[in-house]
Amino acid sequence: VRYIGIDIGGTEIKAGLVDREGAILAWSRRPTNRREPELLLARLLELVDSVSGGSEVRAIGVGVPGLISVRSGRVEMAPNMPALNGLNISEMLAGPTGLPTIAANDADMNAWGEFGAGAARGSRHVVCLTIGTGLGSGLILDGRLWAGTSGFGAEAGHMVLDPEGLPCGCGSRGCLETIVSATGIVSLARRGIAAGATTCLSDDSGLTARTIQEAAAGGDAFAASVYARVGRSLGMACASLINLLNPEIIVIGGGVAAAGDYLIGPATEETRIRTYRQTFEACRIVPAQLGSHAGVVGAGLFASQHFAATVSGA
Ligand code: BGC
């Protein structure tokens, strides 16, 4: 039996054909067209077609970057992709494909993938942070995905880190994701460049979290300092989460996590300073294992478990 997992991201939509263990059997991706949301359905259907091949597909799972109710499938609020607001993603796909479809938060699906088939396999208390265009989070507490009262938890990206900070897409300011995200990294570098930093980087359209990371790897001290500063903010967030939850593992994923030690090194040190020794030592802070596949694997696994439970009446 096969499932399709889809991950709708700020820059790309990814899809995979996934089995019940979370192995990916086929894979495809398309750029996200944030300016023409009406193309979304066509893109999603193309992807479903391209990964399903001739296989018998049982159901589809989709990760969406924002508040989405698993029960209704409706996107309530997508701060980094407002074009999705109000869309019913599961109905949109279930109609034309004829396949049962479940839609959930993208970071929850990443967490579910890392828990089922990645870095957090075998752990019971897991925090998974996904750092990309925004910062998403998923919590697995006592082996279960935490959804909260309305189904919109956990949104660690909107914990306040700087009360006077930059405005955030959610309407607040100084949220963790205004600092620890691709957008936050570029904005910090831009401010440094404007203030006259010595660096090989220049503030043009080519400036991205990745070019800054490459500059750091190439020995640019300013670029490394941008990642170190962002890493320290990430560490403050990890410390708060450890102080609150006493998890056994924090998995750091998403495109920005590719910076590896430039980010996770300073983050771990900052976490150590701001936690009890006992809870710090009980928790591993590790990079994600499934990389850019986590959301697709998680959404496929989620669909398989959800519809298996529905069919058996559990
Ligand atoms: C949204 C989350 C989402 C994350 C990553 C945040 O701004 O509030 O729901 O998971 O971005 O896409």
# chains A, B, ... in the order shown; residues from 1 in each chain; ligands from 1
>>> select_by_dssp(residues="segment 34-258 of chain A", states="helix (DSSP H, G or I)", output="NGL selection string")
:A and (37-52 or 82-84 or 89-97 or 106-117 or 156-158 or 176-179 or 182-194 or 209-217 or 221-245 or 255-258)
>>> residues_near_ligand(ligand="ligand 1", cutoff="9 Å", atoms="only C-alpha atoms and all ligand atoms", output="ChimeraX atom specification")
/A:8-10,63-68,77-81,105-108,130-138,152-158,168-170,177
>>> atom_distance(atom1="atom CA of Ser90 of chain A", atom2="atom CA of Ile60 of chain A")
8.7 Å
>>> atom_distance(atom1="atom CA of Gly5 of chain A", atom2="atom CA of Ser304 of chain A")
9.7 Å
>>> closest_residue(among="A:Glu21, A:Arg35, A:Ala228, A:Val186", to="Gly206 of chain A", atoms="only C-alpha atoms")
A:Val186
>>> closest_residue(among="A:Gly95, A:Gly53, A:Pro100, A:Pro163", to="Phe307 of chain A", atoms="only C-alpha atoms")
A:Pro100
>>> residues_around(residues="segment 256-273 of chain A", least_positions_apart="2", cutoff="9 Å", atoms="only C-alpha atoms", output="ChimeraX atom specification")
/A:130-133,180-182,209-210,213-214,216-217,224-225,227-240,242,252-254,275-277,280-281,285-288,291
>>> residues_around(residues="Val226 of chain A", least_positions_apart="5", cutoff="7 Å", atoms="only C-alpha atoms", output="MDAnalysis selection string")
chainID A and resid 185 188:189
>>> residues_around(residues="segment 247-249 of chain A", least_positions_apart="6", cutoff="7 Å", atoms="only C-alpha atoms", output="ChimeraX atom specification")
/A:120,123,125-127,282-285
>>> atom_distance(atom1="atom CA of Arg191 of chain A", atom2="atom CA of Gly218 of chain A")
20.8 Å
>>> select_by_dssp(residues="segment 42-286 of chain A", states="strand (DSSP E)", output="PyMOL selection string")
chain A and resi 57-64+67-68+75-77+101-105+126-131+135-141+144-145+249-253+284-286
